[in-house]
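Undergrad: Attaching a single structure in C-alpha coordinates format; questions to follow.
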Amino acid sequence: MSTAVEDRDSRRLAWCVAHVLRHASDHIALALLHRLDRPTRKYLCRDEWLPASAVTLLLRHGGEADRHYIARNPHVVGRPLPGLPGPARYARRRTPAGLLPLLRAELGRDPADGPLTTGELTGLLRRHGIRRPRAALDVLRLPYELDPDQLAAEHARRPLPPGSTEALLLVADLPEKTVRALLTAPAADADGPSWHRPAVRAVRMGRLTHEELVACVAPARRTLLLGHLPACPGLRWTLPEQAGMRAAVTRALAPLADDPRLWSELLRHAPGFPGPLPELVAAVTAGTAGTAGSPDGSPAGSPDGSDAPHDDLARAVRRLAPTAAEPATGGVERELALASLAVPMETVEEDVRWVRDCLDRGLLTGADVIRHKLPACWALDEVHWLGAVDHPDRYDRPGAVLAARAEADRLFALALGEDPDAWWRVARTLPDFAGTLPHLLLRVTDGDSVSTRP
(Lines give C-alpha, C1' and ligand atoms only; values in the text may rest on other atoms or scores of the structure.)
Protein backbone atom coordinates (compact mmCIF):
# COMPACT_ATOMS: atom_id res chain seq x y z
CA MET A 1 0.00 0.00 0.00
CA SER A 2 1.35 3.40 -0.94
CA THR A 3 2.12 6.11 1.58
CA ALA A 4 -0.54 8.37 0.07
CA VAL A 5 -3.23 5.73 0.57
CA GLU A 6 -2.10 5.07 4.14
CA ASP A 7 -2.17 8.79 4.84
CA ARG A 8 -5.68 9.11 3.43
CA ASP A 9 -6.90 6.12 5.46
CA SER A 10 -5.38 7.52 8.67
CA ARG A 11 -6.98 10.89 8.06
CA ARG A 12 -10.40 9.36 7.38
CA LEU A 13 -10.21 7.04 10.40
CA ALA A 14 -9.28 9.99 12.64
CA TRP A 15 -12.29 11.92 11.32
CA CYS A 16 -14.61 9.01 12.14
CA VAL A 17 -13.04 8.39 15.56
CA ALA A 18 -13.58 12.08 16.42
CA HIS A 19 -17.30 11.63 15.74
CA VAL A 20 -17.49 8.39 17.74
CA LEU A 21 -15.72 10.01 20.71
CA ARG A 22 -18.62 12.48 21.03
CA HIS A 23 -20.83 9.66 22.24
CA ALA A 24 -18.40 7.63 24.36
CA SER A 25 -17.86 7.81 28.10
CA ASP A 26 -14.40 8.72 29.37
CA HIS A 27 -13.07 5.21 29.91
CA ILE A 28 -14.30 4.12 26.47
CA ALA A 29 -12.70 7.20 24.91
CA LEU A 30 -9.38 6.40 26.60
CA ALA A 31 -9.55 2.82 25.31
CA LEU A 32 -10.11 4.09 21.76
CA LEU A 33 -7.30 6.65 22.00
CA HIS A 34 -4.83 3.99 23.16
CA ARG A 35 -5.60 1.85 20.08
CA LEU A 36 -4.77 4.54 17.53
CA ASP A 37 -1.48 4.37 15.69
CA ARG A 38 0.76 7.41 15.53
CA PRO A 39 -0.40 8.88 12.15
CA THR A 40 -4.09 8.50 13.05
CA ARG A 41 -3.51 10.02 16.46
CA LYS A 42 -1.78 12.99 14.82
CA TYR A 43 -4.71 13.64 12.52
CA LEU A 44 -7.16 13.20 15.40
CA CYS A 45 -5.39 15.92 17.42
CA ARG A 46 -5.74 18.22 14.42
CA ASP A 47 -9.36 17.30 13.66
CA GLU A 48 -11.96 20.03 13.48
CA TRP A 49 -14.57 18.02 15.38
CA LEU A 50 -12.44 16.82 18.32
CA PRO A 51 -14.79 17.02 21.36
CA ALA A 52 -13.80 18.96 24.48
CA SER A 53 -13.59 15.91 26.75
CA ALA A 54 -11.34 14.11 24.26
CA VAL A 55 -9.02 17.13 24.22
CA THR A 56 -8.80 17.01 28.01
CA LEU A 57 -8.05 13.27 28.00
CA LEU A 58 -5.38 13.69 25.31
CA LEU A 59 -3.69 16.48 27.25
CA ARG A 60 -3.86 14.52 30.49
CA HIS A 61 -2.85 11.06 29.26
CA GLY A 62 -1.14 11.80 25.95
CA GLY A 63 2.42 12.73 25.14
CA GLU A 64 4.24 15.84 24.03
CA ALA A 65 3.35 15.16 20.38
CA ASP A 66 -0.37 15.22 21.23
CA ARG A 67 0.02 18.53 23.02
CA HIS A 68 2.02 19.91 20.09
CA TYR A 69 -0.68 19.11 17.53
CA ILE A 70 -3.60 20.17 19.72
CA ALA A 71 -1.91 23.50 20.43
CA ARG A 72 -1.88 24.15 16.69
CA ASN A 73 -5.48 23.12 16.13
CA PRO A 74 -7.35 26.40 15.48
CA HIS A 75 -10.66 24.82 16.44
CA VAL A 76 -9.66 23.93 20.00
CA VAL A 77 -11.07 26.93 21.84
CA GLY A 78 -10.07 28.24 25.24
CA ARG A 79 -7.37 25.76 26.23
CA PRO A 80 -4.32 26.87 28.27
CA LEU A 81 -1.87 26.06 25.48
CA PRO A 82 0.77 28.05 23.59
CA GLY A 83 -0.89 30.42 21.18
CA LEU A 84 -4.31 29.99 22.77
CA PRO A 85 -6.09 31.97 25.53
CA GLY A 86 -4.65 31.08 28.91
CA PRO A 87 -2.60 32.38 31.83
CA ALA A 88 -0.16 34.29 29.60
CA ARG A 89 -3.03 36.30 28.15
CA TYR A 90 -4.17 37.47 31.56
CA ALA A 91 -0.64 38.08 32.86
CA ARG A 92 -0.26 40.84 30.24
CA ARG A 93 -3.19 42.81 31.66
CA ARG A 94 -2.29 45.92 33.62
CA THR A 95 -3.53 46.25 37.18
CA PRO A 96 -5.90 49.24 37.48
CA ALA A 97 -4.24 52.22 39.16
CA GLY A 98 -6.89 52.53 41.84
CA LEU A 99 -6.80 48.88 42.92
CA LEU A 100 -3.55 48.83 44.92
CA PRO A 101 -4.58 51.60 47.37
CA LEU A 102 -7.87 49.78 47.91
CA LEU A 103 -6.11 46.48 48.56
CA ARG A 104 -3.68 48.16 50.96
CA ALA A 105 -6.62 49.51 52.94
CA GLU A 106 -8.36 46.13 53.01
CA LEU A 107 -5.25 44.19 53.98
CA GLY A 108 -3.91 46.71 56.43
CA ARG A 109 -0.50 46.46 54.76
CA ASP A 110 1.21 46.96 51.44
CA PRO A 111 0.97 43.87 49.18
CA ALA A 112 4.56 44.58 48.13
CA ASP A 113 5.78 43.84 51.66
CA GLY A 114 5.38 40.12 51.13
CA PRO A 115 3.30 37.50 49.30
CA LEU A 116 -0.34 37.17 50.28
CA THR A 117 -1.22 34.23 52.49
CA THR A 118 -4.05 31.88 51.56
CA GLY A 119 -6.32 33.54 54.13
CA GLU A 120 -5.57 37.04 52.86
CA LEU A 121 -6.03 35.95 49.24
CA THR A 122 -9.39 34.30 49.85
CA GLY A 123 -10.56 37.38 51.78
CA LEU A 124 -9.72 39.61 48.82
CA LEU A 125 -11.27 37.18 46.33
CA ARG A 126 -14.53 37.14 48.27
CA ARG A 127 -14.79 40.92 47.93
CA HIS A 128 -13.56 41.33 44.35
CA GLY A 129 -14.99 38.40 42.37
CA ILE A 130 -18.72 38.63 42.88
CA ARG A 131 -19.83 38.06 39.27
CA ARG A 132 -17.07 38.40 36.69
CA PRO A 133 -13.41 37.32 37.02
CA ARG A 134 -11.76 40.58 35.91
CA ALA A 135 -11.17 42.10 39.36
CA ALA A 136 -10.21 38.71 40.81
CA LEU A 137 -7.65 38.28 38.00
CA ASP A 138 -6.12 41.59 39.01
CA VAL A 139 -5.87 40.35 42.60
CA LEU A 140 -4.21 37.13 41.43
CA ARG A 141 -1.51 39.14 39.69
CA LEU A 142 -0.13 40.06 43.11
CA PRO A 143 2.47 37.73 44.65
CA TYR A 144 0.82 35.09 46.79
CA GLU A 145 1.44 31.70 48.40
CA LEU A 146 -1.55 29.43 47.94
CA ASP A 147 -2.17 26.26 49.93
CA PRO A 148 -4.68 24.20 47.90
CA ASP A 149 -5.97 22.30 50.94
CA GLN A 150 -6.54 25.50 52.90
CA LEU A 151 -8.22 27.07 49.87
CA ALA A 152 -10.61 24.10 49.65
CA ALA A 153 -11.33 24.36 53.39
CA GLU A 154 -12.02 28.10 53.11
CA HIS A 155 -14.37 27.45 50.19
CA ALA A 156 -16.18 24.73 52.14
CA ARG A 157 -16.58 27.10 55.10
CA ARG A 158 -17.84 29.97 52.97
CA PRO A 159 -17.99 29.51 49.18
CA LEU A 160 -16.04 31.88 46.99
CA PRO A 161 -18.11 33.92 44.51
CA PRO A 162 -18.30 32.63 40.92
CA GLY A 163 -15.99 35.30 39.49
CA SER A 164 -13.19 34.41 41.90
CA THR A 165 -13.61 30.69 41.34
CA GLU A 166 -13.41 31.27 37.59
CA ALA A 167 -10.29 33.41 38.00
CA LEU A 168 -8.60 30.65 40.01
CA LEU A 169 -9.43 28.13 37.30
CA LEU A 170 -7.95 30.47 34.69
CA VAL A 171 -4.59 31.29 36.21
CA ALA A 172 -3.90 29.27 39.38
CA ASP A 173 -2.14 25.92 39.06
CA LEU A 174 -4.58 23.94 41.20
CA PRO A 175 -4.65 20.16 41.64
CA GLU A 176 -7.71 18.31 40.38
CA LYS A 177 -8.91 17.64 43.94
CA THR A 178 -9.07 21.38 44.65
CA VAL A 179 -10.78 22.11 41.33
CA ARG A 180 -13.50 19.63 42.23
CA ALA A 181 -13.88 21.19 45.69
CA LEU A 182 -14.33 24.67 44.19
CA LEU A 183 -17.32 23.44 42.16
CA THR A 184 -19.37 22.55 45.23
CA ALA A 185 -21.72 24.86 47.12
CA PRO A 186 -24.26 24.48 49.95
CA ALA A 187 -27.68 23.35 48.78
CA ALA A 188 -29.28 26.34 50.49
CA ASP A 189 -27.33 28.87 48.39
CA ALA A 190 -29.41 30.58 45.73
CA ASP A 191 -28.22 30.28 42.13
CA GLY A 192 -27.11 33.73 41.04
CA PRO A 193 -26.81 34.85 37.42
CA SER A 194 -23.16 33.71 37.14
CA TRP A 195 -23.25 30.43 39.06
CA HIS A 196 -22.63 28.38 35.89
CA ARG A 197 -19.45 30.16 34.77
CA PRO A 198 -16.92 28.16 36.87
CA ALA A 199 -18.33 24.86 35.59
CA VAL A 200 -18.17 25.98 31.96
CA ARG A 201 -14.66 27.35 32.49
CA ALA A 202 -13.47 24.10 34.12
CA VAL A 203 -14.41 22.14 31.00
CA ARG A 204 -13.13 24.72 28.55
CA MET A 205 -9.77 25.04 30.32
CA GLY A 206 -9.30 21.29 30.20
CA ARG A 207 -9.47 20.92 33.99
CA LEU A 208 -12.32 18.40 33.90
CA THR A 209 -14.27 16.39 31.36
CA HIS A 210 -18.05 16.60 31.19
CA GLU A 211 -18.32 13.25 32.94
CA GLU A 212 -16.03 14.37 35.77
CA LEU A 213 -18.01 17.58 36.07
CA VAL A 214 -21.22 15.62 36.56
CA ALA A 215 -19.54 13.56 39.28
CA CYS A 216 -18.32 16.53 41.34
CA VAL A 217 -20.69 19.50 40.92
CA ALA A 218 -22.92 19.96 43.95
CA PRO A 219 -25.73 20.53 44.69
CA ALA A 220 -27.32 18.13 42.22
CA ARG A 221 -29.81 20.65 40.85
CA ARG A 222 -26.93 22.61 39.30
CA THR A 223 -25.82 19.57 37.31
CA LEU A 224 -29.35 19.13 35.97
CA LEU A 225 -29.45 22.80 35.01
CA LEU A 226 -26.05 22.50 33.28
CA GLY A 227 -27.53 19.71 31.17
CA HIS A 228 -29.99 22.23 29.76
CA LEU A 229 -28.35 25.60 30.24
CA PRO A 230 -30.54 28.24 28.57
CA ALA A 231 -29.00 30.77 26.24
CA CYS A 232 -27.81 33.79 28.17
CA PRO A 233 -25.34 36.61 27.60
CA GLY A 234 -21.71 36.03 28.52
CA LEU A 235 -19.87 32.76 29.03
CA ARG A 236 -22.00 29.71 28.26
CA TRP A 237 -21.77 26.32 26.57
CA THR A 238 -21.00 26.17 22.90
CA LEU A 239 -23.31 23.87 20.98
CA PRO A 240 -20.91 20.85 21.02
CA GLU A 241 -20.20 21.45 24.71
CA GLN A 242 -23.93 21.59 25.45
CA ALA A 243 -24.40 18.28 23.63
CA GLY A 244 -21.48 16.74 25.54
CA MET A 245 -22.82 17.94 28.88
CA ARG A 246 -26.27 16.65 28.09
CA ALA A 247 -24.83 13.25 27.15
CA ALA A 248 -22.87 13.04 30.43
CA VAL A 249 -25.93 13.99 32.50
CA THR A 250 -28.05 11.46 30.60
CA ARG A 251 -25.54 8.71 31.38
CA ALA A 252 -25.72 9.63 35.08
CA LEU A 253 -29.53 9.43 34.92
CA ALA A 254 -29.54 6.04 33.15
CA PRO A 255 -30.44 4.05 36.33
CA LEU A 256 -33.83 5.81 36.36
CA ALA A 257 -34.62 4.20 32.98
CA ASP A 258 -38.15 5.17 31.90
CA ASP A 259 -39.85 4.76 35.29
CA PRO A 260 -42.13 7.81 35.78
CA ARG A 261 -42.15 7.29 39.54
CA LEU A 262 -38.37 7.57 39.80
CA TRP A 263 -38.30 10.67 37.59
CA SER A 264 -40.95 12.36 39.71
CA GLU A 265 -38.95 11.50 42.82
CA LEU A 266 -35.85 12.98 41.19
CA LEU A 267 -37.65 16.24 40.51
CA ARG A 268 -39.13 16.22 44.01
CA HIS A 269 -35.80 15.86 45.81
CA ALA A 270 -33.44 17.66 43.41
CA PRO A 271 -34.05 21.27 44.60
CA GLY A 272 -32.59 20.68 48.06
CA PHE A 273 -30.35 17.65 47.68
CA PRO A 274 -26.85 18.66 48.87
CA GLY A 275 -24.72 16.08 47.05
CA PRO A 276 -23.76 15.57 43.40
CA LEU A 277 -26.16 14.11 40.86
CA PRO A 278 -24.89 10.49 40.92
CA GLU A 279 -25.53 10.37 44.67
CA LEU A 280 -29.05 11.72 44.16
CA VAL A 281 -29.77 9.13 41.44
CA ALA A 282 -28.48 6.33 43.69
CA ALA A 283 -30.60 7.60 46.58
CA VAL A 284 -33.71 7.86 44.39
CA THR A 285 -33.32 4.34 43.00
CA ALA A 286 -32.69 2.99 46.51
CA GLY A 287 -35.64 4.91 47.96
CA THR A 288 -33.49 6.82 50.47
CA ALA A 289 -33.49 10.29 48.88
CA GLY A 290 -35.73 11.75 51.58
CA THR A 291 -33.31 10.92 54.39
CA ALA A 292 -30.50 12.74 52.57
CA GLY A 293 -32.50 15.89 51.96
CA SER A 294 -33.46 16.87 55.50
CA PRO A 295 -32.98 15.51 59.04
CA ASP A 296 -36.63 14.50 59.48
CA GLY A 297 -36.72 12.52 56.23
CA SER A 298 -38.98 14.90 54.35
CA PRO A 299 -37.93 16.14 50.93
CA ALA A 300 -35.94 19.33 51.07
CA GLY A 301 -37.48 22.41 49.55
CA SER A 302 -36.06 24.70 46.94
CA PRO A 303 -33.30 27.18 47.90
CA ASP A 304 -35.63 30.15 47.97
CA GLY A 305 -37.81 28.52 50.64
CA SER A 306 -40.75 27.53 48.44
CA ASP A 307 -42.00 23.97 48.20
CA ALA A 308 -42.27 23.85 44.42
CA PRO A 309 -39.18 23.27 42.28
CA HIS A 310 -37.92 26.13 40.18
CA ASP A 311 -39.39 26.37 36.71
CA ASP A 312 -35.92 26.14 35.14
CA LEU A 313 -35.16 22.94 37.02
CA ALA A 314 -38.47 21.35 36.09
CA ARG A 315 -37.90 22.32 32.47
CA ALA A 316 -34.38 20.83 32.52
CA VAL A 317 -35.62 17.54 33.98
CA ARG A 318 -38.40 17.32 31.38
CA ARG A 319 -35.89 17.77 28.57
CA LEU A 320 -33.59 15.10 30.02
CA ALA A 321 -36.33 12.56 30.75
CA PRO A 322 -37.15 9.90 28.12
CA THR A 323 -40.31 10.67 26.17
CA ALA A 324 -42.62 8.54 24.11
CA ALA A 325 -42.20 8.83 20.37
CA GLU A 326 -44.64 11.32 18.91
CA PRO A 327 -46.91 10.04 16.16
CA ALA A 328 -45.46 10.75 12.76
CA THR A 329 -47.15 13.44 10.75
CA GLY A 330 -46.62 14.59 7.21
CA GLY A 331 -47.98 11.57 5.36
CA VAL A 332 -46.50 10.95 1.93
CA GLU A 333 -44.24 14.00 2.10
CA ARG A 334 -42.57 12.68 5.23
CA GLU A 335 -42.09 9.24 3.66
CA LEU A 336 -40.47 10.87 0.63
CA ALA A 337 -38.24 12.96 2.90
CA LEU A 338 -37.10 9.86 4.79
CA ALA A 339 -36.44 8.02 1.53
CA SER A 340 -34.43 10.95 0.20
CA LEU A 341 -31.94 10.56 3.05
CA ALA A 342 -30.85 7.28 1.49
CA VAL A 343 -30.45 8.79 -1.99
CA PRO A 344 -27.83 11.56 -2.03
CA MET A 345 -28.45 14.22 -4.65
CA GLU A 346 -26.03 15.28 -7.37
CA THR A 347 -24.20 17.80 -5.21
CA VAL A 348 -23.69 18.21 -1.48
CA GLU A 349 -25.11 21.75 -1.62
CA GLU A 350 -28.35 20.49 -3.15
CA ASP A 351 -28.60 17.74 -0.57
CA VAL A 352 -28.07 20.24 2.27
CA ARG A 353 -30.73 22.59 0.92
CA TRP A 354 -33.24 19.74 0.74
CA VAL A 355 -32.56 18.47 4.29
CA ARG A 356 -32.70 21.99 5.75
CA ASP A 357 -36.00 22.62 3.99
CA CYS A 358 -37.43 19.36 5.37
CA LEU A 359 -36.27 20.30 8.88
CA ASP A 360 -37.89 23.72 8.60
CA ARG A 361 -41.17 22.22 7.39
CA GLY A 362 -41.22 19.69 10.23
CA LEU A 363 -40.98 16.68 7.91
CA LEU A 364 -37.68 15.56 9.43
CA THR A 365 -35.96 15.84 12.79
CA GLY A 366 -32.34 15.47 13.76
CA ALA A 367 -33.13 11.99 15.08
CA ASP A 368 -34.55 11.01 11.68
CA VAL A 369 -31.31 12.04 10.01
CA ILE A 370 -29.25 9.87 12.37
CA ARG A 371 -31.51 6.86 11.82
CA HIS A 372 -32.02 7.06 8.04
CA LYS A 373 -29.22 9.01 6.36
CA LEU A 374 -26.45 7.05 4.73
CA PRO A 375 -23.58 6.57 4.85
CA ALA A 376 -23.43 6.53 8.63
CA CYS A 377 -20.33 8.75 8.79
CA TRP A 378 -22.23 11.49 6.94
CA ALA A 379 -25.16 11.22 9.35
CA LEU A 380 -22.80 11.78 12.31
CA ASP A 381 -21.24 14.84 10.66
CA GLU A 382 -23.69 17.76 10.62
CA VAL A 383 -21.77 19.45 7.79
CA HIS A 384 -23.12 16.83 5.38
CA TRP A 385 -26.76 17.63 6.11
CA LEU A 386 -26.73 21.18 7.55
CA GLY A 387 -23.87 22.61 5.52
CA ALA A 388 -20.62 24.28 6.52
CA VAL A 389 -20.74 27.09 9.07
CA ASP A 390 -18.34 29.90 9.87
CA HIS A 391 -17.43 28.24 13.16
CA PRO A 392 -17.91 24.61 14.32
CA ASP A 393 -19.29 25.78 17.67
CA ARG A 394 -22.41 27.29 16.11
CA TYR A 395 -25.32 26.18 13.95
CA ASP A 396 -28.43 28.04 12.86
CA ARG A 397 -30.50 24.92 13.63
CA PRO A 398 -29.30 24.00 17.14
CA GLY A 399 -32.43 21.98 17.91
CA ALA A 400 -31.74 19.58 15.03
CA VAL A 401 -28.09 19.17 16.07
CA LEU A 402 -28.96 18.46 19.72
CA ALA A 403 -31.67 15.99 18.69
CA ALA A 404 -29.26 14.21 16.36
CA ARG A 405 -26.55 13.99 19.02
CA ALA A 406 -29.04 12.70 21.61
CA GLU A 407 -30.34 10.01 19.25
CA ALA A 408 -26.81 8.92 18.38
CA ASP A 409 -26.00 8.76 22.11
CA ARG A 410 -29.02 6.54 22.64
CA LEU A 411 -28.18 4.20 19.75
CA PHE A 412 -24.53 3.82 20.74
CA ALA A 413 -25.40 3.15 24.39
CA LEU A 414 -28.15 0.68 23.49
CA ALA A 415 -26.05 -1.29 21.01
CA LEU A 416 -22.51 -1.12 22.40
CA GLY A 417 -22.91 -0.55 26.12
CA GLU A 418 -19.54 -0.47 27.93
CA ASP A 419 -17.65 -2.84 25.63
CA PRO A 420 -14.47 -1.09 24.34
CA ASP A 421 -13.94 -3.78 21.68
CA ALA A 422 -17.38 -3.11 20.18
CA TRP A 423 -16.73 0.64 20.12
CA TRP A 424 -13.40 0.05 18.39
CA ARG A 425 -15.03 -2.20 15.76
CA VAL A 426 -17.56 0.55 15.04
CA ALA A 427 -14.80 3.15 14.67
CA ARG A 428 -12.83 0.87 12.34
CA THR A 429 -15.87 -0.04 10.24
CA LEU A 430 -17.38 3.44 10.01
CA PRO A 431 -15.07 4.97 7.33
CA ASP A 432 -16.03 2.47 4.62
CA PHE A 433 -19.54 1.46 5.70
CA ALA A 434 -22.20 2.40 3.14
CA GLY A 435 -25.33 1.83 5.27
CA THR A 436 -27.07 3.75 8.03
CA LEU A 437 -25.86 4.00 11.62
CA PRO A 438 -28.43 1.50 13.01
CA HIS A 439 -27.35 -0.99 10.32
CA LEU A 440 -23.72 -0.48 11.26
CA LEU A 441 -24.40 -1.04 14.95
CA LEU A 442 -26.39 -4.19 14.18
CA ARG A 443 -23.64 -5.50 11.94
CA VAL A 444 -20.95 -4.92 14.56
CA THR A 445 -22.94 -6.40 17.45
CA ASP A 446 -24.41 -9.36 15.50
CA GLY A 447 -21.27 -10.06 13.49
CA ASP A 448 -23.03 -10.11 10.12
CA SER A 449 -24.67 -7.84 7.59
CA VAL A 450 -28.27 -6.93 8.36
CA SER A 451 -29.13 -7.56 4.70
CA THR A 452 -29.25 -11.31 5.54
CA ARG A 453 -31.55 -10.87 8.51
CA PRO A 454 -35.17 -12.09 8.08
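To be explicit about the labels: the chains of the C-alpha coordinates are called A, B, and onward in the order shown, and within each one the residues are counted from 1, while ligands get numbers from 1 in the order they are shown.
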Please return as JSON, numbers by chain: the residues of range 65-245 of chain A that backbone DSSP assigns to alpha helix (DSSP H).

TA: {"A": [65, 66, 67, 68, 69, 70, 71, 87, 88, 89, 90, 91, 99, 100, 101, 102, 103, 104, 105, 106, 107, 118, 119, 120, 121, 122, 123, 124, 125, 126, 127, 128, 134, 135, 136, 137, 138, 139, 148, 149, 150, 151, 152, 153, 154, 155, 156, 157, 162, 163, 164, 165, 166, 167, 168, 169, 170, 171, 176, 177, 178, 179, 180, 181, 182, 197, 198, 199, 200, 201, 202, 203, 204, 210, 211, 212, 213, 214, 215, 216, 220, 221, 222, 223, 224, 225, 226, 227, 239, 240, 241, 242, 243, 244, 245]}

Undergrad: Give me the residues of range 151-204 of chain A that have any atom at most 8 Å from an atom of range 213-220 of chain A; for each, the nearest atom pair and the distance in Å, rounded to one decimal. Use only C-alpha atoms, sort by chain and number, and format it as a tab-separated table.

TA:
```
residue	atom	partner	partner_atom	distance
A:Arg180	CA	A:Cys216	CA	5.8
A:Ala181	CA	A:Cys216	CA	7.8
A:Leu183	CA	A:Val217	CA	5.3
A:Thr184	CA	A:Ala218	CA	4.6
A:Ala185	CA	A:Ala218	CA	6.0
A:Pro186	CA	A:Pro219	CA	6.7
A:Ala187	CA	A:Pro219	CA	5.3
A:Ala199	CA	A:Leu213	CA	7.3
A:Val203	CA	A:Leu213	CA	7.7
```

Undergrad: Kindly provide the residues of range 368-391 of chain A that approach range 41-60 of chain A to within 12 Å, each paired with its closest atom pair and their distance in Å to one decimal, based on only C-alpha atoms, listed by chain and increasing number, as JSON lines.

TA:
```
{"residue": "A:Leu380", "atom": "CA", "partner": "A:Trp49", "partner_atom": "CA", "distance": 10.8}
{"residue": "A:Asp381", "atom": "CA", "partner": "A:Trp49", "partner_atom": "CA", "distance": 8.8}
{"residue": "A:Glu382", "atom": "CA", "partner": "A:Trp49", "partner_atom": "CA", "distance": 10.3}
{"residue": "A:Val383", "atom": "CA", "partner": "A:Trp49", "partner_atom": "CA", "distance": 10.6}
{"residue": "A:Ala388", "atom": "CA", "partner": "A:Glu48", "partner_atom": "CA", "distance": 11.9}
{"residue": "A:His391", "atom": "CA", "partner": "A:Glu48", "partner_atom": "CA", "distance": 9.9}
```

Undergrad: Would you work out the distance separating CA of Asp258 in chain A from CA of Leu414 in chain A, expressed in Å to one decimal?

TA: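 Computed distance, CA of Asp258 in chain A to CA of Leu414 in chain A, equals 13.8 Å.
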
Undergrad: Which is closer to Leu32 in chain A than all the others in A:Leu13, A:Leu121, A:Leu116, A:Arg104, using only C-alpha atoms?

TA: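 Looking only at the distances to Leu32 in chain A, the closest residue turns out to be A:Leu13.
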